Amino acid sequence: MAALLLGVGGLIAKNIPRKEKNQEYTPRSAFTTFGMFIIDRIVEADGKVVDDVIGGAGTFAAIGARMFSRPYDGEYDDTVGFIVDYGQDTPASVEVQLRSYGLDLLVRRDASRLCTRGLNTYTEKGVREFSYLTPKKRITPADLPGRMMRAACFHLVCTPQRACAILDELPESISVWEPIPDGCFRGAGEDEKTWWAEFVLALQRVSVVSPNLHELGGILGHSGAPEELARELLQRADIRQVVVRCGEEGCLVAVGDDLRWLPAYAQNVVDTTGAGNTFCGALGRSLVGRRIDIDSLCEAAANASVAAGLACQQVGLPSVIDNKWNGLTIEQHLERYRELTARSHT
């Protein structure tokens, strides 16, 4: 791995400047996501089944962003906005837990449908296979209230075609895109040139794209070393930056010709479901108010690495009590991460 500059891992999320009381007040979320709230069934490689687990790419991304935002307390600025669709089968315990995170929740109830539910099955090699158990209900720009439509950062988790369609309806802002796994692999019968052109169009429109290593190989049509694949994506798509998520190996931040590795925050790993989504939520929130360059992207990726590590310490979402995430403040987790980073380079 390339050398990591000292100083990453600081708490760098910036607040949105607030209006004075005598100024016109227009609330603005710091972050919102087009990912969904899902209730998961998780089947581990040993056959163990866990039901009614809060999940969904949107949920985990919102939690990652919330770690670097203030809790919602009736004022919307600097908070994380999240649309949640509850169906007739939503467990009361799920609602109570989700309310505990200090998110600005826009809850939509529909007694005529079931909650969106998903099945996460892990193979013996640790590969996750996902399928929907009930029909999904997507979030569109038309669903966003004004404060969320004005968000400083948007999180997209979708195909390249849907990413472009969403961006067509959004104001200019930071956007972090997680290409969905199925969308990273050209299907049988799809024209290669058309497929690639659609992918490039989305890549060039978002602020930052963050695939995992397997997905990046799918986009490019072959596997390889992370550094080689990152360079190839930047060159072929004519984009400036990418953050490649590499699981327990950490993440690779590439901006132009500058490539830097950051280690994972692997502390007491129990379940990796949602870690990538949590990473991307924290990444996007940490870029608010900053010019995106190699230093700011590395600092944001360090925050994101800590957030992803916290997502792995239990089945489901991490706990937050008195602004302590799994027992420690984010500042304390970041200090542990700095110590981990220093040890990895001595």
# chains A, B, ... in the order shown; residues from 1 in each chain; ligands from 1
>>> residues_around(residues="Ala264 in chain A", least_positions_apart="5", cutoff="7 Å", atoms="only C-alpha atoms", output="JSON, numbers by chain")
{"A": [248, 249, 250, 305]}
>>> residues_around(residues="range 84-94 of chain A", least_positions_apart="6", cutoff="12 Å", atoms="only C-alpha atoms", output="short mmCIF file (atom, residue, chain, number, x, y, z; two decimals) with all heavy atoms, in the first residue's frame")
data_model
loop_
_atom_site.label_atom_id
_atom_site.label_comp_id
_atom_site.auth_asym_id
_atom_site.auth_seq_id
_atom_site.Cartn_x
_atom_site.Cartn_y
_atom_site.Cartn_z
N THR A 32 -29.18 14.04 2.56
CA THR A 32 -30.34 13.16 2.40
C THR A 32 -29.98 12.06 1.42
O THR A 32 -29.01 12.16 0.67
CB THR A 32 -31.59 13.93 1.95
OG1 THR A 32 -32.75 13.12 2.17
CG2 THR A 32 -31.51 14.33 0.49
N THR A 33 -30.76 11.00 1.44
CA THR A 33 -30.45 9.83 0.63
C THR A 33 -31.66 9.40 -0.16
O THR A 33 -32.80 9.56 0.27
CB THR A 33 -29.97 8.66 1.52
OG1 THR A 33 -29.78 7.49 0.69
CG2 THR A 33 -30.97 8.32 2.61
N PHE A 34 -31.39 8.85 -1.35
CA PHE A 34 -32.44 8.24 -2.16
C PHE A 34 -32.49 6.73 -1.95
O PHE A 34 -33.22 6.02 -2.64
CB PHE A 34 -32.24 8.58 -3.64
CG PHE A 34 -32.59 9.99 -3.96
CD1 PHE A 34 -31.61 10.98 -3.94
CD2 PHE A 34 -33.89 10.37 -4.23
CE1 PHE A 34 -31.93 12.31 -4.22
CE2 PHE A 34 -34.23 11.68 -4.50
CZ PHE A 34 -33.24 12.66 -4.50
N GLY A 35 -31.70 6.24 -1.00
CA GLY A 35 -31.78 4.83 -0.62
C GLY A 35 -32.99 4.59 0.25
O GLY A 35 -33.57 5.50 0.83
N MET A 36 -33.37 3.33 0.37
CA MET A 36 -34.60 2.97 1.06
C MET A 36 -34.36 2.44 2.48
O MET A 36 -33.27 1.99 2.82
CB MET A 36 -35.35 1.91 0.27
CG MET A 36 -35.85 2.36 -1.08
SD MET A 36 -36.75 1.04 -1.94
CE MET A 36 -35.41 -0.12 -2.24
N PHE A 37 -35.43 2.48 3.25
CA PHE A 37 -35.54 1.77 4.53
C PHE A 37 -36.07 0.37 4.21
O PHE A 37 -37.06 0.21 3.50
CB PHE A 37 -36.50 2.51 5.46
CG PHE A 37 -37.08 1.66 6.56
CD1 PHE A 37 -36.34 1.39 7.70
CD2 PHE A 37 -38.36 1.14 6.45
CE1 PHE A 37 -36.87 0.61 8.72
CE2 PHE A 37 -38.90 0.36 7.46
CZ PHE A 37 -38.16 0.10 8.60
N ILE A 38 -35.37 -0.64 4.71
CA ILE A 38 -35.75 -2.03 4.49
C ILE A 38 -35.68 -2.78 5.81
O ILE A 38 -34.82 -2.48 6.65
CB ILE A 38 -34.82 -2.71 3.45
CG1 ILE A 38 -34.93 -2.01 2.08
CG2 ILE A 38 -35.13 -4.19 3.30
CD1 ILE A 38 -33.98 -2.57 1.04
N ILE A 39 -36.56 -3.74 6.00
CA ILE A 39 -36.45 -4.65 7.14
C ILE A 39 -35.85 -5.95 6.61
O ILE A 39 -36.38 -6.56 5.68
CB ILE A 39 -37.81 -4.91 7.79
CG1 ILE A 39 -38.37 -3.59 8.35
CG2 ILE A 39 -37.68 -5.94 8.90
CD1 ILE A 39 -39.74 -3.73 9.00
N ASP A 40 -34.74 -6.35 7.18
CA ASP A 40 -33.97 -7.47 6.65
C ASP A 40 -34.19 -8.77 7.41
O ASP A 40 -34.44 -8.79 8.62
CB ASP A 40 -32.47 -7.15 6.72
CG ASP A 40 -32.01 -6.25 5.58
OD1 ASP A 40 -32.66 -6.24 4.52
OD2 ASP A 40 -30.99 -5.55 5.76
N ASP A 51 -34.26 -12.24 12.08
CA ASP A 51 -35.36 -11.54 11.42
C ASP A 51 -35.57 -10.15 11.99
O ASP A 51 -35.09 -9.82 13.08
CB ASP A 51 -36.66 -12.34 11.57
CG ASP A 51 -36.75 -13.47 10.56
OD1 ASP A 51 -36.44 -13.22 9.38
OD2 ASP A 51 -37.14 -14.59 10.96
N ASP A 52 -36.31 -9.33 11.23
CA ASP A 52 -36.72 -7.98 11.64
C ASP A 52 -35.54 -7.09 12.01
O ASP A 52 -35.57 -6.36 13.01
CB ASP A 52 -37.73 -8.05 12.80
CG ASP A 52 -39.09 -8.57 12.34
OD1 ASP A 52 -39.34 -8.57 11.13
OD2 ASP A 52 -39.88 -8.99 13.21
N VAL A 53 -34.50 -7.16 11.19
CA VAL A 53 -33.31 -6.32 11.39
C VAL A 53 -33.47 -5.05 10.56
O VAL A 53 -33.74 -5.12 9.36
CB VAL A 53 -32.03 -7.06 10.98
CG1 VAL A 53 -30.81 -6.16 11.17
CG2 VAL A 53 -31.88 -8.35 11.77
N ILE A 54 -33.32 -3.89 11.17
CA ILE A 54 -33.40 -2.64 10.41
C ILE A 54 -32.25 -2.59 9.42
O ILE A 54 -31.09 -2.78 9.78
CB ILE A 54 -33.34 -1.42 11.35
CG1 ILE A 54 -34.55 -1.39 12.27
CG2 ILE A 54 -33.30 -0.12 10.53
CD1 ILE A 54 -34.53 -0.24 13.26
N GLY A 55 -32.58 -2.35 8.17
CA GLY A 55 -31.55 -2.30 7.14
C GLY A 55 -31.95 -1.38 6.00
O GLY A 55 -32.79 -0.50 6.15
N GLY A 56 -31.33 -1.63 4.87
CA GLY A 56 -31.57 -0.79 3.69
C GLY A 56 -30.41 0.16 3.47
O GLY A 56 -29.84 0.71 4.42
N ALA A 57 -30.06 0.35 2.21
CA ALA A 57 -28.94 1.24 1.87
C ALA A 57 -29.17 2.65 2.39
O ALA A 57 -28.25 3.31 2.88
CB ALA A 57 -28.73 1.25 0.36
N GLY A 58 -30.42 3.12 2.28
CA GLY A 58 -30.72 4.46 2.75
C GLY A 58 -30.55 4.60 4.25
O GLY A 58 -30.01 5.60 4.74
N THR A 59 -31.02 3.59 4.98
CA THR A 59 -30.92 3.64 6.44
C THR A 59 -29.46 3.70 6.88
O THR A 59 -29.07 4.55 7.70
CB THR A 59 -31.59 2.41 7.06
OG1 THR A 59 -32.89 2.25 6.51
CG2 THR A 59 -31.69 2.56 8.57
N ALA A 62 -27.85 7.02 5.97
CA ALA A 62 -28.30 8.09 6.86
C ALA A 62 -27.61 8.00 8.22
O ALA A 62 -27.22 9.02 8.80
CB ALA A 62 -29.82 8.01 7.04
N SER A 100 -34.59 6.72 17.63
CA SER A 100 -33.56 7.01 18.64
C SER A 100 -32.30 7.62 18.06
O SER A 100 -31.42 8.05 18.81
CB SER A 100 -33.20 5.71 19.38
OG SER A 100 -32.45 4.83 18.55
N TYR A 101 -32.19 7.68 16.72
CA TYR A 101 -30.92 8.09 16.11
C TYR A 101 -30.81 9.59 15.84
O TYR A 101 -29.77 10.05 15.37
CB TYR A 101 -30.69 7.31 14.82
CG TYR A 101 -30.35 5.87 15.09
CD1 TYR A 101 -31.31 4.87 14.97
CD2 TYR A 101 -29.08 5.49 15.52
CE1 TYR A 101 -31.02 3.55 15.25
CE2 TYR A 101 -28.76 4.18 15.81
CZ TYR A 101 -29.74 3.21 15.67
OH TYR A 101 -29.45 1.91 15.95
N LEU A 103 -32.44 11.38 13.60
CA LEU A 103 -32.61 11.71 12.19
C LEU A 103 -33.84 12.58 12.01
O LEU A 103 -34.79 12.51 12.78
CB LEU A 103 -32.77 10.44 11.36
CG LEU A 103 -31.62 9.43 11.40
CD1 LEU A 103 -32.06 8.12 10.74
CD2 LEU A 103 -30.39 9.99 10.72
N ASP A 104 -33.83 13.40 10.97
CA ASP A 104 -35.02 14.14 10.56
C ASP A 104 -35.83 13.20 9.68
O ASP A 104 -35.63 13.13 8.47
CB ASP A 104 -34.61 15.41 9.81
CG ASP A 104 -35.79 16.09 9.12
OD1 ASP A 104 -36.94 15.84 9.52
OD2 ASP A 104 -35.53 16.86 8.17
N LEU A 105 -36.74 12.45 10.29
CA LEU A 105 -37.49 11.41 9.59
C LEU A 105 -38.77 11.97 8.99
O LEU A 105 -39.55 12.64 9.68
CB LEU A 105 -37.85 10.28 10.55
CG LEU A 105 -36.71 9.47 11.15
CD1 LEU A 105 -37.25 8.46 12.15
CD2 LEU A 105 -35.91 8.76 10.07
N LEU A 106 -38.98 11.70 7.72
CA LEU A 106 -40.27 11.94 7.10
C LEU A 106 -40.91 10.58 6.92
O LEU A 106 -40.55 9.81 6.02
CB LEU A 106 -40.11 12.64 5.74
CG LEU A 106 -41.39 12.84 4.94
CD1 LEU A 106 -42.42 13.64 5.73
CD2 LEU A 106 -41.10 13.52 3.61
N VAL A 107 -41.87 10.26 7.80
CA VAL A 107 -42.47 8.93 7.83
C VAL A 107 -43.73 8.93 6.97
O VAL A 107 -44.61 9.78 7.13
CB VAL A 107 -42.81 8.51 9.27
CG1 VAL A 107 -43.58 7.18 9.27
CG2 VAL A 107 -41.53 8.38 10.09
N ARG A 108 -43.80 7.95 6.07
CA ARG A 108 -44.99 7.75 5.25
C ARG A 108 -45.57 6.38 5.60
O ARG A 108 -44.90 5.36 5.45
CB ARG A 108 -44.64 7.82 3.76
CG ARG A 108 -43.97 9.12 3.37
CD ARG A 108 -43.78 9.28 1.88
NE ARG A 108 -42.90 8.27 1.30
CZ ARG A 108 -42.43 8.31 0.06
NH1 ARG A 108 -42.77 9.30 -0.74
NH2 ARG A 108 -41.63 7.36 -0.41
N ARG A 109 -46.82 6.38 6.05
CA ARG A 109 -47.47 5.13 6.45
C ARG A 109 -48.48 4.71 5.38
O ARG A 109 -49.24 5.53 4.87
CB ARG A 109 -48.18 5.28 7.79
CG ARG A 109 -47.24 5.63 8.94
CD ARG A 109 -47.96 5.74 10.26
NE ARG A 109 -47.07 6.18 11.30
CZ ARG A 109 -46.28 5.37 12.02
NH1 ARG A 109 -46.32 4.06 11.78
NH2 ARG A 109 -45.48 5.84 12.95
N ASP A 110 -48.48 3.42 5.09
CA ASP A 110 -49.40 2.88 4.10
C ASP A 110 -49.87 1.51 4.58
O ASP A 110 -49.16 0.51 4.46
CB ASP A 110 -48.71 2.77 2.73
CG ASP A 110 -49.68 2.37 1.62
OD1 ASP A 110 -50.81 1.96 1.94
OD2 ASP A 110 -49.28 2.46 0.45
N ALA A 111 -51.08 1.50 5.12
CA ALA A 111 -51.63 0.25 5.66
C ALA A 111 -52.04 -0.73 4.58
O ALA A 111 -52.40 -1.88 4.87
CB ALA A 111 -52.82 0.56 6.57
N SER A 112 -51.98 -0.31 3.32
CA SER A 112 -52.38 -1.19 2.23
C SER A 112 -51.23 -2.05 1.70
O SER A 112 -51.44 -2.89 0.83
CB SER A 112 -52.96 -0.37 1.07
OG SER A 112 -51.94 0.40 0.44
N ARG A 113 -50.03 -1.82 2.20
CA ARG A 113 -48.87 -2.56 1.71
C ARG A 113 -48.01 -3.05 2.86
O ARG A 113 -48.12 -2.58 4.00
CB ARG A 113 -48.01 -1.69 0.77
CG ARG A 113 -47.34 -0.53 1.47
CD ARG A 113 -46.53 0.33 0.51
NE ARG A 113 -45.39 -0.35 -0.04
CZ ARG A 113 -44.17 -0.38 0.52
NH1 ARG A 113 -43.96 0.24 1.69
NH2 ARG A 113 -43.18 -1.02 -0.05
N LEU A 114 -47.15 -4.02 2.53
CA LEU A 114 -46.16 -4.49 3.50
C LEU A 114 -44.91 -3.63 3.42
O LEU A 114 -44.65 -2.97 2.41
CB LEU A 114 -45.78 -5.95 3.19
CG LEU A 114 -46.90 -6.98 3.28
CD1 LEU A 114 -46.39 -8.34 2.80
CD2 LEU A 114 -47.44 -7.09 4.70
N CYS A 115 -44.14 -3.61 4.49
CA CYS A 115 -42.83 -2.94 4.45
C CYS A 115 -41.97 -3.58 3.36
O CYS A 115 -42.12 -4.76 3.03
CB CYS A 115 -42.11 -3.10 5.78
SG CYS A 115 -42.70 -2.03 7.08
N THR A 116 -41.07 -2.78 2.82
CA THR A 116 -40.06 -3.36 1.94
C THR A 116 -39.16 -4.25 2.78
O THR A 116 -38.57 -3.80 3.77
CB THR A 116 -39.23 -2.27 1.26
OG1 THR A 116 -40.11 -1.38 0.56
CG2 THR A 116 -38.24 -2.88 0.28
N ARG A 117 -39.09 -5.51 2.42
CA ARG A 117 -38.28 -6.48 3.17
C ARG A 117 -37.27 -7.13 2.24
O ARG A 117 -37.55 -7.36 1.06
CB ARG A 117 -39.16 -7.55 3.84
CG ARG A 117 -39.98 -7.00 5.01
CD ARG A 117 -40.83 -8.07 5.65
NE ARG A 117 -41.56 -7.56 6.81
CZ ARG A 117 -41.15 -7.67 8.07
NH1 ARG A 117 -40.01 -8.29 8.34
NH2 ARG A 117 -41.88 -7.18 9.06
N THR A 134 -40.49 -8.53 -0.53
CA THR A 134 -41.73 -7.81 -0.80
C THR A 134 -41.43 -6.70 -1.81
O THR A 134 -40.27 -6.32 -1.99
CB THR A 134 -42.33 -7.20 0.48
OG1 THR A 134 -41.38 -6.26 1.02
CG2 THR A 134 -42.65 -8.26 1.52
N PRO A 135 -42.45 -6.16 -2.45
CA PRO A 135 -42.21 -5.08 -3.42
C PRO A 135 -41.55 -3.87 -2.75
O PRO A 135 -41.86 -3.52 -1.61
CB PRO A 135 -43.61 -4.74 -3.93
CG PRO A 135 -44.41 -5.98 -3.72
CD PRO A 135 -43.88 -6.59 -2.45
N LYS A 136 -40.64 -3.23 -3.49
CA LYS A 136 -39.95 -2.06 -2.96
C LYS A 136 -40.69 -0.79 -3.34
O LYS A 136 -41.45 -0.76 -4.31
CB LYS A 136 -38.52 -2.01 -3.47
CG LYS A 136 -38.39 -1.91 -4.99
CD LYS A 136 -36.93 -2.00 -5.41
CE LYS A 136 -36.80 -1.99 -6.93
NZ LYS A 136 -35.39 -2.13 -7.36
N LYS A 137 -40.46 0.26 -2.56
CA LYS A 137 -41.04 1.57 -2.85
C LYS A 137 -39.90 2.57 -2.91
O LYS A 137 -39.33 2.95 -1.90
CB LYS A 137 -42.06 1.97 -1.78
CG LYS A 137 -42.80 3.26 -2.12
CD LYS A 137 -43.91 3.54 -1.12
CE LYS A 137 -44.67 4.82 -1.51
NZ LYS A 137 -45.76 5.10 -0.56
N ARG A 138 -39.59 3.01 -4.11
CA ARG A 138 -38.46 3.91 -4.30
C ARG A 138 -38.77 5.32 -3.82
O ARG A 138 -39.93 5.74 -3.73
CB ARG A 138 -38.09 3.98 -5.78
CG ARG A 138 -37.33 2.77 -6.29
CD ARG A 138 -37.10 2.91 -7.78
NE ARG A 138 -36.12 1.95 -8.28
CZ ARG A 138 -35.86 1.76 -9.56
NH1 ARG A 138 -36.51 2.46 -10.47
NH2 ARG A 138 -34.95 0.87 -9.94
N ILE A 139 -37.69 6.06 -3.58
CA ILE A 139 -37.79 7.48 -3.24
C ILE A 139 -37.36 8.27 -4.48
O ILE A 139 -36.33 7.97 -5.09
CB ILE A 139 -36.90 7.82 -2.03
CG1 ILE A 139 -37.39 7.06 -0.80
CG2 ILE A 139 -36.90 9.32 -1.77
CD1 ILE A 139 -36.43 7.11 0.36
N ASP A 143 -40.58 13.32 -4.05
CA ASP A 143 -40.97 12.97 -2.69
C ASP A 143 -40.33 13.88 -1.64
O ASP A 143 -40.80 13.94 -0.50
CB ASP A 143 -40.58 11.52 -2.36
CG ASP A 143 -41.30 10.51 -3.23
OD1 ASP A 143 -42.49 10.74 -3.55
OD2 ASP A 143 -40.67 9.49 -3.58
N LEU A 144 -39.25 14.57 -2.00
CA LEU A 144 -38.49 15.32 -1.01
C LEU A 144 -39.20 16.61 -0.62
O LEU A 144 -39.60 17.39 -1.48
CB LEU A 144 -37.10 15.67 -1.55
CG LEU A 144 -36.17 14.52 -1.94
CD1 LEU A 144 -34.81 15.07 -2.36
CD2 LEU A 144 -36.01 13.52 -0.81
N GLY A 316 -27.22 -5.46 12.34
CA GLY A 316 -28.08 -4.29 12.31
C GLY A 316 -27.31 -3.01 12.55
O GLY A 316 -26.11 -2.92 12.29
N LEU A 317 -28.02 -2.02 13.07
CA LEU A 317 -27.44 -0.68 13.25
C LEU A 317 -26.67 -0.56 14.56
O LEU A 317 -27.00 -1.21 15.55
CB LEU A 317 -28.55 0.37 13.23
CG LEU A 317 -29.46 0.40 12.00
CD1 LEU A 317 -30.55 1.44 12.18
CD2 LEU A 317 -28.65 0.69 10.74
#
>>> residues_around(residues="Glu75 in chain A", least_positions_apart="3", cutoff="10 Å", atoms="only C-alpha atoms", output="PDB file with N, CA, C and O atoms, in the first residue's frame")
ATOM      1  N   PRO A  27     -34.773  26.487   5.863  1.00  0.00           N
ATOM      2  CA  PRO A  27     -34.066  25.314   6.383  1.00  0.00           C
ATOM      3  C   PRO A  27     -33.460  24.476   5.269  1.00  0.00           C
ATOM      4  O   PRO A  27     -34.007  24.396   4.155  1.00  0.00           O
ATOM      5  N   ARG A  28     -32.330  23.861   5.568  1.00  0.00           N
ATOM      6  CA  ARG A  28     -31.610  23.044   4.597  1.00  0.00           C
ATOM      7  C   ARG A  28     -30.974  21.857   5.292  1.00  0.00           C
ATOM      8  O   ARG A  28     -30.206  22.013   6.241  1.00  0.00           O
ATOM      9  N   SER A  29     -31.281  20.656   4.826  1.00  0.00           N
ATOM     10  CA  SER A  29     -30.652  19.461   5.373  1.00  0.00           C
ATOM     11  C   SER A  29     -29.177  19.433   4.988  1.00  0.00           C
ATOM     12  O   SER A  29     -28.784  19.920   3.926  1.00  0.00           O
ATOM     13  N   PRO A  71     -27.883  15.969  16.011  1.00  0.00           N
ATOM     14  CA  PRO A  71     -29.187  15.298  16.009  1.00  0.00           C
ATOM     15  C   PRO A  71     -30.314  16.279  15.721  1.00  0.00           C
ATOM     16  O   PRO A  71     -30.229  17.456  16.067  1.00  0.00           O
ATOM     17  N   TYR A  72     -31.354  15.791  15.078  1.00  0.00           N
ATOM     18  CA  TYR A  72     -32.529  16.611  14.821  1.00  0.00           C
ATOM     19  C   TYR A  72     -33.234  16.901  16.139  1.00  0.00           C
ATOM     20  O   TYR A  72     -33.533  16.004  16.923  1.00  0.00           O
ATOM     21  N   ASP A  78     -28.183  21.334   9.351  1.00  0.00           N
ATOM     22  CA  ASP A  78     -27.100  20.446   9.775  1.00  0.00           C
ATOM     23  C   ASP A  78     -27.574  19.059  10.184  1.00  0.00           C
ATOM     24  O   ASP A  78     -26.839  18.312  10.816  1.00  0.00           O
ATOM     25  N   THR A  79     -28.817  18.704   9.847  1.00  0.00           N
ATOM     26  CA  THR A  79     -29.324  17.390  10.215  1.00  0.00           C
ATOM     27  C   THR A  79     -29.424  16.491   8.980  1.00  0.00           C
ATOM     28  O   THR A  79     -29.254  16.930   7.848  1.00  0.00           O
ATOM     29  N   ASP A 104     -33.832  13.399  10.973  1.00  0.00           N
ATOM     30  CA  ASP A 104     -35.021  14.143  10.563  1.00  0.00           C
ATOM     31  C   ASP A 104     -35.833  13.199   9.682  1.00  0.00           C
ATOM     32  O   ASP A 104     -35.631  13.130   8.470  1.00  0.00           O
TER      33      ASP A 104
END
>>> closest_residue(among="A:Gln241, A:Thr140, A:Ser210, A:Ser69", to="Ile292 in chain A", atoms="only C-alpha atoms")
A:Gln241
>>> closest_residue(among="A:Asp271, A:Arg205, A:Leu283, A:Pro141", to="Val43 in chain A", atoms="only C-alpha atoms")
A:Asp271
>>> atom_distance(atom1="CA of Glu198 in chain A", atom2="CA of Val243 in chain A")
20.0 Å
>>> atom_distance(atom1="CA of Gln161 in chain A", atom2="CA of Phe185 in chain A")
13.7 Å
>>> closest_residue(among="A:Trp195, A:Glu95, A:Phe31, A:Arg147", to="Phe68 in chain A", atoms="only C-alpha atoms")
A:Phe31
>>> select_by_dssp(residues="range 142-191 of chain A", states="strand (DSSP E or B)", output="JSON, numbers by chain")
{"A": [153, 154, 155, 156, 157, 158, 174, 175, 176, 177, 178, 179]}
>>> atom_distance(atom1="CA of Ile42 in chain A", atom2="CA of Pro160 in chain A")
27.7 Å
>>> closest_residue(among="A:Leu119, A:Met67, A:Leu98, A:Ala165", to="Val306 in chain A", atoms="only C-alpha atoms")
A:Met67
>>> closest_residue(among="A:Ala282, A:Leu252, A:Ala342, A:Cys158", to="Asn212 in chain A", atoms="only C-alpha atoms")
A:Leu252
>>> residues_around(residues="His214 in chain A", least_positions_apart="6", cutoff="12 Å", atoms="only C-alpha atoms", output="CSV table (one decimal) with N, CA and C atoms, in the first residue's frame")
chain,number,residue,atom,x,y,z
A,127,VAL,N,-19.5,-13.9,0.8
A,127,VAL,CA,-20.2,-13.1,-0.2
A,127,VAL,C,-21.6,-13.0,0.1
A,179,PRO,N,-22.9,2.8,-7.1
A,179,PRO,CA,-23.6,2.0,-8.2
A,179,PRO,C,-24.1,0.7,-7.6
A,180,ILE,N,-25.3,0.3,-7.9
A,180,ILE,CA,-25.8,-1.0,-7.3
A,180,ILE,C,-25.0,-2.1,-8.0
A,181,PRO,N,-24.8,-3.2,-7.3
A,181,PRO,CA,-24.0,-4.3,-7.8
A,181,PRO,C,-24.4,-4.8,-9.2
A,182,ASP,N,-25.7,-5.0,-9.3
A,182,ASP,CA,-26.2,-5.6,-10.6
A,182,ASP,C,-26.0,-4.6,-11.7
A,184,CYS,N,-23.4,-2.9,-12.2
A,184,CYS,CA,-22.0,-2.8,-12.5
A,184,CYS,C,-21.5,-3.8,-13.5
A,185,PHE,N,-22.4,-4.7,-13.9
A,185,PHE,CA,-22.0,-5.8,-14.8
A,185,PHE,C,-22.9,-5.8,-16.0
A,220,LEU,N,-15.3,-2.2,-15.3
A,220,LEU,CA,-14.3,-2.2,-16.3
A,220,LEU,C,-14.2,-3.4,-17.1
A,221,GLY,N,-14.9,-4.5,-16.7
A,221,GLY,CA,-14.9,-5.7,-17.4
A,221,GLY,C,-13.8,-6.7,-17.1
A,222,HIS,N,-13.0,-6.4,-16.1
A,222,HIS,CA,-11.9,-7.4,-15.7
A,222,HIS,C,-11.5,-7.1,-14.3
A,223,SER,N,-10.9,-8.0,-13.6
A,223,SER,CA,-10.4,-7.9,-12.3
A,223,SER,C,-8.9,-7.3,-12.4
A,224,GLY,N,-8.4,-7.0,-11.2
A,224,GLY,CA,-7.0,-6.4,-11.2
A,224,GLY,C,-6.7,-5.8,-9.8
A,225,ALA,N,-5.5,-5.3,-9.7
A,225,ALA,CA,-5.1,-4.6,-8.5
A,225,ALA,C,-5.9,-3.3,-8.3
A,226,PRO,N,-6.3,-3.0,-7.1
A,226,PRO,CA,-7.1,-1.8,-6.9
A,226,PRO,C,-6.5,-0.5,-7.6
A,229,LEU,N,-7.0,-0.6,-11.4
A,229,LEU,CA,-8.4,-0.4,-11.8
A,229,LEU,C,-8.8,1.0,-11.5
A,244,VAL,N,-12.4,3.7,-3.8
A,244,VAL,CA,-12.7,2.3,-3.9
A,244,VAL,C,-12.7,1.6,-2.6
A,245,ARG,N,-13.8,1.0,-2.2
A,245,ARG,CA,-14.0,0.3,-1.0
A,245,ARG,C,-13.4,-1.1,-1.1
A,246,CYS,N,-12.5,-1.5,-0.2
A,246,CYS,CA,-11.8,-2.8,-0.3
A,246,CYS,C,-11.9,-3.6,0.9
A,247,GLY,N,-13.1,-3.5,1.6
A,247,GLY,CA,-13.3,-4.4,2.8
A,247,GLY,C,-12.3,-4.2,3.9
>>> decode(residues="range 114-122 of chain A", atoms="N, CA, C and O atoms", output="compact mmCIF listing (two decimals), in the first residue's frame")
# COMPACT_ATOMS: atom_id res chain seq x y z
N LEU A 114 -47.15 -4.02 2.53
CA LEU A 114 -46.16 -4.49 3.50
C LEU A 114 -44.91 -3.63 3.42
O LEU A 114 -44.65 -2.97 2.41
N CYS A 115 -44.14 -3.61 4.49
CA CYS A 115 -42.83 -2.94 4.45
C CYS A 115 -41.97 -3.58 3.36
O CYS A 115 -42.12 -4.76 3.03
N THR A 116 -41.07 -2.78 2.82
CA THR A 116 -40.06 -3.36 1.94
C THR A 116 -39.16 -4.25 2.78
O THR A 116 -38.57 -3.80 3.77
N ARG A 117 -39.09 -5.51 2.42
CA ARG A 117 -38.28 -6.48 3.17
C ARG A 117 -37.27 -7.13 2.24
O ARG A 117 -37.55 -7.36 1.06
N GLY A 118 -36.09 -7.42 2.79
CA GLY A 118 -35.02 -8.00 2.00
C GLY A 118 -34.43 -9.23 2.65
O GLY A 118 -34.53 -9.41 3.88
N LEU A 119 -33.82 -10.07 1.84
CA LEU A 119 -33.15 -11.28 2.32
C LEU A 119 -31.66 -11.15 2.02
O LEU A 119 -31.26 -11.02 0.86
N ASN A 120 -30.84 -11.16 3.05
CA ASN A 120 -29.39 -11.13 2.92
C ASN A 120 -28.84 -12.51 3.30
O ASN A 120 -28.96 -12.93 4.45
N THR A 121 -28.28 -13.20 2.32
CA THR A 121 -27.74 -14.54 2.55
C THR A 121 -26.23 -14.51 2.32
O THR A 121 -25.77 -14.06 1.27
N TYR A 122 -25.50 -14.99 3.32
CA TYR A 122 -24.04 -15.02 3.21
C TYR A 122 -23.55 -16.42 2.90
O TYR A 122 -23.98 -17.39 3.52
